[in-house]
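J.: Contents of input.txt (compact mmCIF, C-alpha atoms) are given next:
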```
# COMPACT_ATOMS: atom_id res chain seq x y z
CA MET M 1 135.79 125.65 52.46
CA ARG M 2 135.90 122.42 54.41
CA ARG M 3 132.55 121.04 55.44
CA THR M 4 132.22 119.63 58.89
CA ALA M 5 131.20 116.03 58.82
CA GLU M 6 127.71 115.58 60.24
CA PRO M 7 127.04 112.67 62.55
CA PRO M 8 124.91 109.92 61.08
CA GLN M 9 121.22 110.29 61.78
CA ASP M 10 120.67 106.66 62.70
CA SER M 11 123.55 106.20 65.14
CA PRO M 12 123.56 102.90 67.03
CA PRO M 13 122.53 103.03 70.71
CA LEU M 14 125.17 103.02 73.38
CA ILE M 15 126.10 99.58 74.60
CA GLY M 16 124.79 98.75 78.07
CA VAL M 17 122.43 101.73 78.37
CA GLU M 18 119.42 99.44 78.61
CA ASN M 19 120.78 98.08 81.91
CA VAL M 20 121.28 101.54 83.48
CA LYS M 21 118.58 102.60 85.93
CA MET M 22 118.13 105.54 88.23
CA PRO M 23 119.88 105.00 91.59
CA GLU M 24 117.69 104.68 94.66
CA TRP M 25 119.13 107.80 96.32
CA ALA M 26 118.03 109.95 93.36
CA ARG M 27 114.38 108.87 93.45
CA VAL M 28 113.59 111.32 96.24
CA ASP M 29 114.92 114.21 94.16
CA GLU M 30 112.83 112.98 91.21
CA ARG M 31 109.65 112.92 93.32
CA VAL M 32 110.37 116.42 94.63
CA ALA M 33 110.99 117.76 91.13
CA ASP M 34 107.74 116.22 89.82
CA ALA M 35 105.62 117.37 92.78
CA GLY M 36 102.98 119.99 92.09
CA PHE M 37 101.53 122.69 94.30
CA GLY M 38 98.79 120.42 95.67
CA GLN M 39 101.25 117.67 96.58
CA ALA M 40 103.50 120.16 98.33
CA VAL M 41 100.60 121.52 100.40
CA ARG M 42 99.45 118.00 101.35
CA ALA M 43 102.98 117.04 102.39
CA LEU M 44 103.45 120.19 104.48
CA PRO M 45 101.76 118.95 107.72
CA ALA M 46 103.84 115.77 107.78
CA ALA M 47 107.05 117.73 107.20
CA ILE M 48 106.18 120.22 109.95
CA ALA M 49 105.37 117.33 112.31
CA VAL M 50 108.82 115.82 111.74
CA VAL M 51 110.55 119.11 112.58
CA LEU M 52 108.37 119.81 115.63
CA ARG M 53 108.84 116.29 117.03
CA LEU M 54 112.59 116.62 116.71
CA ALA M 55 112.55 120.07 118.32
CA TRP M 56 110.32 118.83 121.16
CA ARG M 57 112.55 115.82 121.78
CA THR M 58 115.59 118.09 121.80
CA SER M 59 114.28 120.81 124.14
CA PRO M 60 110.59 120.98 125.14
CA ARG M 61 111.20 124.16 127.12
CA LEU M 62 112.71 126.10 124.21
CA THR M 63 110.08 124.76 121.80
CA LEU M 64 107.25 125.94 124.07
CA LEU M 65 108.99 129.25 124.63
CA ALA M 66 109.39 129.83 120.90
CA GLY M 67 105.70 129.13 120.28
CA LEU M 68 104.65 131.35 123.18
CA VAL M 69 106.79 134.27 122.02
CA HIS M 70 105.36 133.95 118.50
CA VAL M 71 101.79 134.05 119.84
CA VAL M 72 102.50 137.05 122.06
CA SER M 73 104.20 138.82 119.16
CA GLY M 74 101.11 138.25 117.02
CA CYS M 75 98.85 139.62 119.73
CA VAL M 76 101.02 142.72 120.07
CA THR M 77 100.91 143.13 116.29
CA ALA M 78 97.10 143.00 116.33
CA PHE M 79 96.98 145.52 119.17
CA GLY M 80 99.36 147.85 117.30
CA LEU M 81 97.29 147.65 114.12
CA LEU M 82 94.09 148.41 116.03
CA ALA M 83 95.70 151.30 117.85
CA THR M 84 97.07 152.70 114.57
CA ALA M 85 93.66 152.44 112.93
CA ASN M 86 92.01 154.22 115.87
CA VAL M 87 94.55 157.05 115.75
CA PHE M 88 94.09 157.59 112.02
CA THR M 89 90.32 157.45 112.39
CA ALA M 90 90.38 160.06 115.13
CA LEU M 91 92.74 162.34 113.20
CA LEU M 92 91.24 162.07 109.72
CA GLU M 93 87.55 161.65 110.41
CA GLN M 94 86.90 165.40 110.59
CA GLY M 95 90.26 166.66 109.45
CA PRO M 96 93.46 166.93 111.50
CA THR M 97 93.76 169.97 113.72
CA PRO M 98 96.37 170.92 116.33
CA GLU M 99 93.83 170.21 119.08
CA ARG M 100 93.06 166.73 117.79
CA VAL M 101 96.76 166.01 117.36
CA LEU M 102 97.40 166.99 120.99
CA GLN M 103 94.46 164.90 122.15
CA SER M 104 95.78 161.91 120.18
CA LEU M 105 99.29 162.06 121.68
CA PRO M 106 98.54 159.39 124.31
CA ALA M 107 97.15 157.08 121.63
CA ILE M 108 100.18 157.78 119.42
CA ALA M 109 102.43 156.92 122.37
CA VAL M 110 100.55 153.61 122.75
CA VAL M 111 101.14 152.87 119.06
CA MET M 112 104.86 153.62 119.38
CA GLY M 113 105.04 151.45 122.50
CA SER M 114 103.36 148.54 120.70
CA TYR M 115 105.84 148.71 117.84
CA ALA M 116 108.74 148.90 120.30
CA ALA M 117 107.36 145.85 122.11
CA ARG M 118 107.06 144.05 118.76
CA ALA M 119 110.73 144.79 118.03
CA MET M 120 111.74 143.43 121.45
CA LEU M 121 109.65 140.30 120.89
CA ASP M 122 111.25 139.79 117.47
CA ALA M 123 114.64 139.94 119.18
CA ALA M 124 113.41 137.41 121.76
CA VAL M 125 112.21 135.10 118.97
CA ALA M 126 115.61 135.31 117.27
CA ALA M 127 117.37 134.54 120.55
CA VAL M 128 115.18 131.51 121.32
CA GLU M 129 115.49 130.14 117.80
CA GLY M 130 119.24 130.76 117.88
CA ALA M 131 119.46 128.60 121.01
CA LEU M 132 117.11 125.89 119.68
CA ARG M 133 118.42 125.51 116.13
CA PRO M 134 121.92 124.14 116.96
CA ARG M 135 120.38 121.58 119.33
CA VAL M 136 117.96 120.38 116.68
CA THR M 137 120.75 120.18 114.11
CA ALA M 138 122.92 118.16 116.50
CA ALA M 139 120.00 115.84 117.30
CA ALA M 140 119.33 115.27 113.57
CA ASP M 141 123.03 114.55 113.00
CA ASP M 142 123.03 112.06 115.88
CA ALA M 143 119.90 110.37 114.49
CA VAL M 144 121.49 109.91 111.07
CA THR M 145 124.70 108.56 112.64
CA ALA M 146 122.74 106.13 114.84
CA ALA M 147 120.78 104.90 111.82
CA VAL M 148 123.94 104.30 109.80
CA VAL M 149 125.68 102.52 112.70
CA ARG M 150 122.83 100.00 112.96
CA VAL M 151 123.26 98.97 109.32
CA GLY M 152 125.31 95.89 108.53
CA LEU M 153 128.76 96.39 107.04
CA ILE M 154 127.81 94.48 103.89
CA ALA M 155 125.46 97.33 102.97
CA PHE M 156 128.44 99.65 102.45
CA GLU M 157 129.48 97.52 99.50
CA ASP M 158 126.53 99.05 97.65
CA ALA M 159 127.47 102.37 96.03
CA ASP M 160 123.83 103.54 96.13
CA PHE M 161 123.68 103.04 99.88
CA ARG M 162 126.94 104.87 100.45
CA GLU M 163 125.68 107.84 98.43
CA LEU M 164 122.35 107.77 100.27
CA ALA M 165 124.12 107.81 103.64
CA ARG M 166 126.41 110.63 102.52
CA GLN M 167 123.57 112.79 101.25
CA GLY M 168 121.45 112.07 104.33
CA ALA M 169 124.27 113.13 106.63
CA ARG M 170 125.03 116.24 104.62
CA PHE M 171 121.90 117.57 102.96
CA GLY M 172 119.35 115.91 105.22
CA VAL M 173 120.67 117.49 108.40
CA ARG M 174 121.02 120.84 106.64
CA SER M 175 117.40 120.64 105.43
CA ILE M 176 116.22 120.02 109.01
CA GLU M 177 117.94 123.23 110.12
CA THR M 178 116.45 125.16 107.19
CA SER M 179 113.01 123.65 107.81
CA LEU M 180 113.06 124.77 111.45
CA ARG M 181 113.68 128.35 110.31
CA ARG M 182 110.92 128.08 107.69
CA VAL M 183 108.43 126.66 110.22
CA ALA M 184 109.14 129.62 112.51
CA ASP M 185 108.65 132.06 109.61
CA LEU M 186 105.43 130.30 108.59
CA THR M 187 104.09 130.48 112.15
CA SER M 188 104.95 134.16 112.45
CA SER M 189 103.35 134.92 109.07
CA ALA M 190 100.17 133.02 109.96
CA ILE M 191 99.80 134.87 113.27
CA SER M 192 100.47 138.23 111.61
CA LEU M 193 97.91 137.44 108.91
CA ALA M 194 95.31 136.49 111.53
CA ALA M 195 96.00 139.73 113.42
CA ALA M 196 95.70 141.80 110.24
CA MET M 197 92.44 140.06 109.26
CA LEU M 198 91.00 140.66 112.74
CA THR M 199 91.92 144.32 112.58
CA ALA M 200 90.57 144.75 109.05
CA GLY M 201 87.36 142.92 109.98
CA LEU M 202 86.75 145.22 112.92
CA LEU M 203 87.19 148.25 110.69
CA ASN M 204 85.05 146.87 107.87
CA PRO M 205 83.76 143.28 107.50
CA TRP M 206 84.46 143.35 103.75
CA LEU M 207 88.16 144.05 104.28
CA ALA M 208 88.90 140.66 105.87
CA PRO M 209 88.00 138.46 102.85
CA VAL M 210 89.73 140.89 100.51
CA LEU M 211 92.89 140.70 102.63
CA LEU M 212 92.67 136.90 102.71
CA LEU M 213 92.33 136.79 98.92
CA ALA M 214 95.41 138.98 98.48
CA ALA M 215 97.36 136.81 100.96
CA ALA M 216 96.31 133.65 99.10
CA ALA M 217 97.52 135.12 95.81
CA ASP M 218 100.87 136.08 97.37
CA GLY M 219 101.21 132.62 98.90
CA PHE M 220 100.50 130.87 95.61
CA ALA M 221 103.03 133.09 93.81
CA ALA M 222 105.66 132.40 96.47
CA ALA M 223 105.02 128.64 96.32
```
Could you express the structure from this file as structure tokens?

T.:
Amino acid sequence: MRRTAEPPQDSPPLIGVENVKMPEWARVDERVADAGFGQAVRALPAAIAVVLRLAWRTSPRLTLLAGLVHVVSGCVTAFGLLATANVFTALLEQGPTPERVLQSLPAIAVVMGSYAARAMLDAAVAAVEGALRPRVTAAADDAVTAAVVRVGLIAFEDADFRELARQGARFGVRSIETSLRRVADLTSSAISLAAAMLTAGLLNPWLAPVLLLAAAADGFAAA
């Protein structure tokens, strides 16, 4: 059998490798890849501020409306949870009977109405965000274009700058659109968590810290 020739163990280094360095446009990706959980949490307020400033500059009315609808949706969620807890307490405290079920029908109707209102508010949130997101994306695209236009033509002789401009126009604008959606999801989750903690605390004070601990564990796992 023929034996495959093995490469020499002490192969000479490639010529010119010592002069190769990481391009400037890739340093951001390197910092993101090396960032830990603490760094990501500390950078979160600044990232949210960038997105909110851009959204406010694009359309203050839609930005305020989106925040208002999120707050109202959270309040309706808290009311629905409280109403649900009251219905279950009334039905199960001394055992469900046909009389108690009939007496609880108005409260059950209130619970169903709160969940229907929550569904309508979710649809309103989606509509407002659907109107705001294209405007923010267009504003981010215009900002990148304006920044590139102000640069001298000699800068385009640099391959690193050309790649940085290309990635900023492509991935940067796309990340702004994604970040706007994530900020809305984060706001909705925070309001829902606050509503759930309020409801649990009213039922039993020990339930609120337990719920917060479970939410913290889920958040750490998701991060």

J.: Pick out the closest residue to Ala126 (chain M) from this set: M:Gly36, M:Leu65, M:Ser189, M:Glu30. Count all atoms listed in the file.

T.: M:Leu65

J.: Taking into account only C-alpha atoms, which residue in the set M:Leu81, M:Ala184, M:Leu44, M:Val32 is nearest to Leu203 (chain M)?

T.: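 Counting only C-alpha atoms, the residue closest to Leu203 (chain M) is M:Leu81.
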
J.: Identify which of the residues M:Ala124, M:Leu102, M:Val50, M:Ala33 lies closest to Leu68 (chain M), counting only C-alpha atoms when measuring atom-to-atom distances.

T.: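 Of all the options, M:Ala124 lies closest to Leu68 (chain M).
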
J.: I need the residue nearest Ala215 (chain M) from this list: M:Ala40, M:Arg100, M:Ala131, M:Ala194. Use all atoms listed in the file for the distance.

T.: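 Nearest to Ala215 (chain M): M:Ala194.
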
J.: What separation in Å, quoted to one decimal, exists between CA of Val128 (chain M) and CA of Glu177 (chain M)?

T.: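 These two atoms are separated by 14.2 Å.
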
J.: CA of Thr77 (chain M) and CA of Glu99 (chain M) are how many Å apart?

T.: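 So the answer is 28.1 Å.
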
J.: Kindly give the distance, in Å, that separates CA of Leu132 (chain M) and CA of Leu62 (chain M), rounded to a single decimal.

T.: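 CA of Leu62 (chain M) lies 6.3 Å from CA of Leu132 (chain M).
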
J.: From the set M:Ser73, M:Gln167, M:Asn204, M:Thr89, which residue has the shortest atom-to-atom contact distance to Val125 (chain M), counting all atoms listed in the file?

T.: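 Among M:Ser73, M:Gln167, M:Asn204, M:Thr89, it is M:Ser73 that comes nearest to Val125 (chain M).
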
J.: Point out the residue among M:Ile176, M:Ile191, M:Leu186, M:Ala221 with the least atom-to-atom distance to Arg135 (chain M), counting all atoms listed in the file.

T.: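 When distances to Arg135 (chain M) are compared using all atoms listed in the file, the smallest one comes from M:Ile176.
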
J.: Tell me which protein, DNA and RNA residues are within 12 Å of Val148 (chain M), counting all atoms listed in the file, leaving out same-chain ones fewer than 2 positions away, and put them as a ChimeraX atom specification.

T.: /M:141-146,150-153,155-156,161-162,164-166,168-169

J.: Quick one: residues within 12 Å of Ile48 (chain M), all atoms listed in the file counted, chain neighbours fewer than 2 positions away excluded, as a PyMOL selection string?

T.: chain M and resi 40-46+50-55+176+178-184+186-187

J.: Write a file for region 93-219 of chain M, containing C-alpha atoms (output as a PDB file, in the first residue's frame).

T.:
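Output (selection.pdb):
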```
ATOM      1  CA  GLU M  93     -62.691  28.290  47.449  1.00  0.00           C
ATOM      2  CA  GLN M  94     -65.596  26.121  48.631  1.00  0.00           C
ATOM      3  CA  GLY M  95     -65.960  23.899  45.610  1.00  0.00           C
ATOM      4  CA  PRO M  96     -67.680  24.733  42.311  1.00  0.00           C
ATOM      5  CA  THR M  97     -71.441  24.393  42.261  1.00  0.00           C
ATOM      6  CA  PRO M  98     -74.001  25.294  39.589  1.00  0.00           C
ATOM      7  CA  GLU M  99     -75.144  28.239  41.725  1.00  0.00           C
ATOM      8  CA  ARG M 100     -71.634  29.633  42.095  1.00  0.00           C
ATOM      9  CA  VAL M 101     -71.002  29.156  38.384  1.00  0.00           C
ATOM     10  CA  LEU M 102     -74.156  31.135  37.561  1.00  0.00           C
ATOM     11  CA  GLN M 103     -73.198  33.835  40.038  1.00  0.00           C
ATOM     12  CA  SER M 104     -69.720  34.062  38.479  1.00  0.00           C
ATOM     13  CA  LEU M 105     -70.995  34.500  34.913  1.00  0.00           C
ATOM     14  CA  PRO M 106     -70.672  38.316  35.007  1.00  0.00           C
ATOM     15  CA  ALA M 107     -67.103  38.020  36.289  1.00  0.00           C
ATOM     16  CA  ILE M 108     -66.335  35.415  33.611  1.00  0.00           C
ATOM     17  CA  ALA M 109     -67.743  37.797  31.000  1.00  0.00           C
ATOM     18  CA  VAL M 110     -65.403  40.520  32.326  1.00  0.00           C
ATOM     19  CA  VAL M 111     -62.457  38.133  31.974  1.00  0.00           C
ATOM     20  CA  MET M 112     -63.422  37.277  28.397  1.00  0.00           C
ATOM     21  CA  GLY M 113     -63.841  40.972  27.610  1.00  0.00           C
ATOM     22  CA  SER M 114     -60.387  41.779  29.000  1.00  0.00           C
ATOM     23  CA  TYR M 115     -58.762  39.119  26.844  1.00  0.00           C
ATOM     24  CA  ALA M 116     -60.670  40.344  23.789  1.00  0.00           C
ATOM     25  CA  ALA M 117     -59.491  43.892  24.539  1.00  0.00           C
ATOM     26  CA  ARG M 118     -55.921  42.595  24.871  1.00  0.00           C
ATOM     27  CA  ALA M 119     -56.183  40.962  21.440  1.00  0.00           C
ATOM     28  CA  MET M 120     -57.458  44.220  19.926  1.00  0.00           C
ATOM     29  CA  LEU M 121     -54.626  46.163  21.578  1.00  0.00           C
ATOM     30  CA  ASP M 122     -52.080  43.664  20.238  1.00  0.00           C
ATOM     31  CA  ALA M 123     -53.492  44.280  16.765  1.00  0.00           C
ATOM     32  CA  ALA M 124     -53.220  48.042  17.361  1.00  0.00           C
ATOM     33  CA  VAL M 125     -49.590  47.639  18.463  1.00  0.00           C
ATOM     34  CA  ALA M 126     -48.801  45.661  15.308  1.00  0.00           C
ATOM     35  CA  ALA M 127     -50.470  48.325  13.154  1.00  0.00           C
ATOM     36  CA  VAL M 128     -48.578  51.209  14.792  1.00  0.00           C
ATOM     37  CA  GLU M 129     -45.254  49.403  14.613  1.00  0.00           C
ATOM     38  CA  GLY M 130     -45.967  48.443  11.005  1.00  0.00           C
ATOM     39  CA  ALA M 131     -46.402  52.133  10.183  1.00  0.00           C
ATOM     40  CA  LEU M 132     -43.372  53.263  12.216  1.00  0.00           C
ATOM     41  CA  ARG M 133     -40.820  50.635  11.195  1.00  0.00           C
ATOM     42  CA  PRO M 134     -40.519  51.555   7.473  1.00  0.00           C
ATOM     43  CA  ARG M 135     -40.065  55.224   8.391  1.00  0.00           C
ATOM     44  CA  VAL M 136     -37.299  54.419  10.845  1.00  0.00           C
ATOM     45  CA  THR M 137     -35.602  52.160   8.308  1.00  0.00           C
ATOM     46  CA  ALA M 138     -35.760  54.883   5.647  1.00  0.00           C
ATOM     47  CA  ALA M 139     -34.394  57.457   8.114  1.00  0.00           C
ATOM     48  CA  ALA M 140     -31.487  55.146   9.027  1.00  0.00           C
ATOM     49  CA  ASP M 141     -30.755  54.567   5.336  1.00  0.00           C
ATOM     50  CA  ASP M 142     -30.772  58.317   4.700  1.00  0.00           C
ATOM     51  CA  ALA M 143     -28.432  58.884   7.659  1.00  0.00           C
ATOM     52  CA  VAL M 144     -25.922  56.350   6.343  1.00  0.00           C
ATOM     53  CA  THR M 145     -26.104  57.863   2.843  1.00  0.00           C
ATOM     54  CA  ALA M 146     -25.619  61.391   4.207  1.00  0.00           C
ATOM     55  CA  ALA M 147     -22.608  60.254   6.238  1.00  0.00           C
ATOM     56  CA  VAL M 148     -20.989  58.597   3.221  1.00  0.00           C
ATOM     57  CA  VAL M 149     -21.647  61.616   0.977  1.00  0.00           C
ATOM     58  CA  ARG M 150     -19.775  63.911   3.389  1.00  0.00           C
ATOM     59  CA  VAL M 151     -16.631  61.776   3.147  1.00  0.00           C
ATOM     60  CA  GLY M 152     -13.896  62.819   0.748  1.00  0.00           C
ATOM     61  CA  LEU M 153     -13.470  60.803  -2.436  1.00  0.00           C
ATOM     62  CA  ILE M 154      -9.919  59.834  -1.487  1.00  0.00           C
ATOM     63  CA  ALA M 155     -11.340  57.708   1.328  1.00  0.00           C
ATOM     64  CA  PHE M 156     -12.888  55.331  -1.217  1.00  0.00           C
ATOM     65  CA  GLU M 157      -9.401  54.320  -2.279  1.00  0.00           C
ATOM     66  CA  ASP M 158      -9.192  52.447   1.027  1.00  0.00           C
ATOM     67  CA  ALA M 159     -10.668  48.942   0.740  1.00  0.00           C
ATOM     68  CA  ASP M 160     -11.432  48.869   4.482  1.00  0.00           C
ATOM     69  CA  PHE M 161     -13.513  52.025   4.217  1.00  0.00           C
ATOM     70  CA  ARG M 162     -15.428  50.733   1.218  1.00  0.00           C
ATOM     71  CA  GLU M 163     -16.272  47.523   3.080  1.00  0.00           C
ATOM     72  CA  LEU M 164     -17.259  49.499   6.184  1.00  0.00           C
ATOM     73  CA  ALA M 165     -19.594  51.703   4.135  1.00  0.00           C
ATOM     74  CA  ARG M 166     -21.094  48.670   2.397  1.00  0.00           C
ATOM     75  CA  GLN M 167     -21.747  46.810   5.631  1.00  0.00           C
ATOM     76  CA  GLY M 168     -23.113  49.926   7.323  1.00  0.00           C
ATOM     77  CA  ALA M 169     -25.567  50.503   4.494  1.00  0.00           C
ATOM     78  CA  ARG M 170     -26.626  46.867   4.386  1.00  0.00           C
ATOM     79  CA  PHE M 171     -26.374  45.300   7.823  1.00  0.00           C
ATOM     80  CA  GLY M 172     -26.483  48.477   9.883  1.00  0.00           C
ATOM     81  CA  VAL M 173     -29.827  49.623   8.522  1.00  0.00           C
ATOM     82  CA  ARG M 174     -31.216  46.099   8.830  1.00  0.00           C
ATOM     83  CA  SER M 175     -30.081  45.927  12.472  1.00  0.00           C
ATOM     84  CA  ILE M 176     -31.910  49.194  13.214  1.00  0.00           C
ATOM     85  CA  GLU M 177     -35.138  47.676  11.888  1.00  0.00           C
ATOM     86  CA  THR M 178     -34.589  44.497  13.917  1.00  0.00           C
ATOM     87  CA  SER M 179     -33.685  46.497  17.021  1.00  0.00           C
ATOM     88  CA  LEU M 180     -36.918  48.498  16.799  1.00  0.00           C
ATOM     89  CA  ARG M 181     -38.896  45.250  16.826  1.00  0.00           C
ATOM     90  CA  ARG M 182     -36.834  43.914  19.743  1.00  0.00           C
ATOM     91  CA  VAL M 183     -37.300  47.129  21.753  1.00  0.00           C
ATOM     92  CA  ALA M 184     -41.068  46.832  21.282  1.00  0.00           C
ATOM     93  CA  ASP M 185     -40.967  43.174  22.387  1.00  0.00           C
ATOM     94  CA  LEU M 186     -38.818  44.076  25.394  1.00  0.00           C
ATOM     95  CA  THR M 187     -41.219  46.854  26.406  1.00  0.00           C
ATOM     96  CA  SER M 188     -44.229  44.571  26.079  1.00  0.00           C
ATOM     97  CA  SER M 189     -42.503  41.817  28.078  1.00  0.00           C
ATOM     98  CA  ALA M 190     -41.490  44.230  30.851  1.00  0.00           C
ATOM     99  CA  ILE M 191     -45.038  45.581  31.176  1.00  0.00           C
ATOM    100  CA  SER M 192     -46.516  42.073  31.167  1.00  0.00           C
ATOM    101  CA  LEU M 193     -44.010  40.982  33.825  1.00  0.00           C
ATOM    102  CA  ALA M 194     -44.892  43.984  35.997  1.00  0.00           C
ATOM    103  CA  ALA M 195     -48.600  43.206  35.619  1.00  0.00           C
ATOM    104  CA  ALA M 196     -48.054  39.547  36.515  1.00  0.00           C
ATOM    105  CA  MET M 197     -45.941  40.475  39.558  1.00  0.00           C
ATOM    106  CA  LEU M 198     -48.599  42.935  40.745  1.00  0.00           C
ATOM    107  CA  THR M 199     -51.299  40.306  40.395  1.00  0.00           C
ATOM    108  CA  ALA M 200     -49.236  37.620  42.111  1.00  0.00           C
ATOM    109  CA  GLY M 201     -48.303  40.020  44.917  1.00  0.00           C
ATOM    110  CA  LEU M 202     -51.933  40.846  45.591  1.00  0.00           C
ATOM    111  CA  LEU M 203     -52.768  37.158  45.806  1.00  0.00           C
ATOM    112  CA  ASN M 204     -49.772  36.295  47.975  1.00  0.00           C
ATOM    113  CA  PRO M 205     -46.765  38.535  48.748  1.00  0.00           C
ATOM    114  CA  TRP M 206     -44.387  35.567  48.415  1.00  0.00           C
ATOM    115  CA  LEU M 207     -45.451  34.896  44.823  1.00  0.00           C
ATOM    116  CA  ALA M 208     -43.983  38.145  43.447  1.00  0.00           C
ATOM    117  CA  PRO M 209     -40.294  37.441  44.293  1.00  0.00           C
ATOM    118  CA  VAL M 210     -40.676  33.840  43.168  1.00  0.00           C
ATOM    119  CA  LEU M 211     -42.087  35.020  39.827  1.00  0.00           C
ATOM    120  CA  LEU M 212     -39.270  37.566  39.479  1.00  0.00           C
ATOM    121  CA  LEU M 213     -36.678  34.852  40.146  1.00  0.00           C
ATOM    122  CA  ALA M 214     -38.199  32.609  37.474  1.00  0.00           C
ATOM    123  CA  ALA M 215     -38.290  35.527  35.010  1.00  0.00           C
ATOM    124  CA  ALA M 216     -34.635  36.341  35.743  1.00  0.00           C
ATOM    125  CA  ALA M 217     -33.647  32.739  35.072  1.00  0.00           C
ATOM    126  CA  ASP M 218     -35.561  32.726  31.778  1.00  0.00           C
ATOM    127  CA  GLY M 219     -33.982  36.040  30.786  1.00  0.00           C
TER     128      GLY M 219
END
```
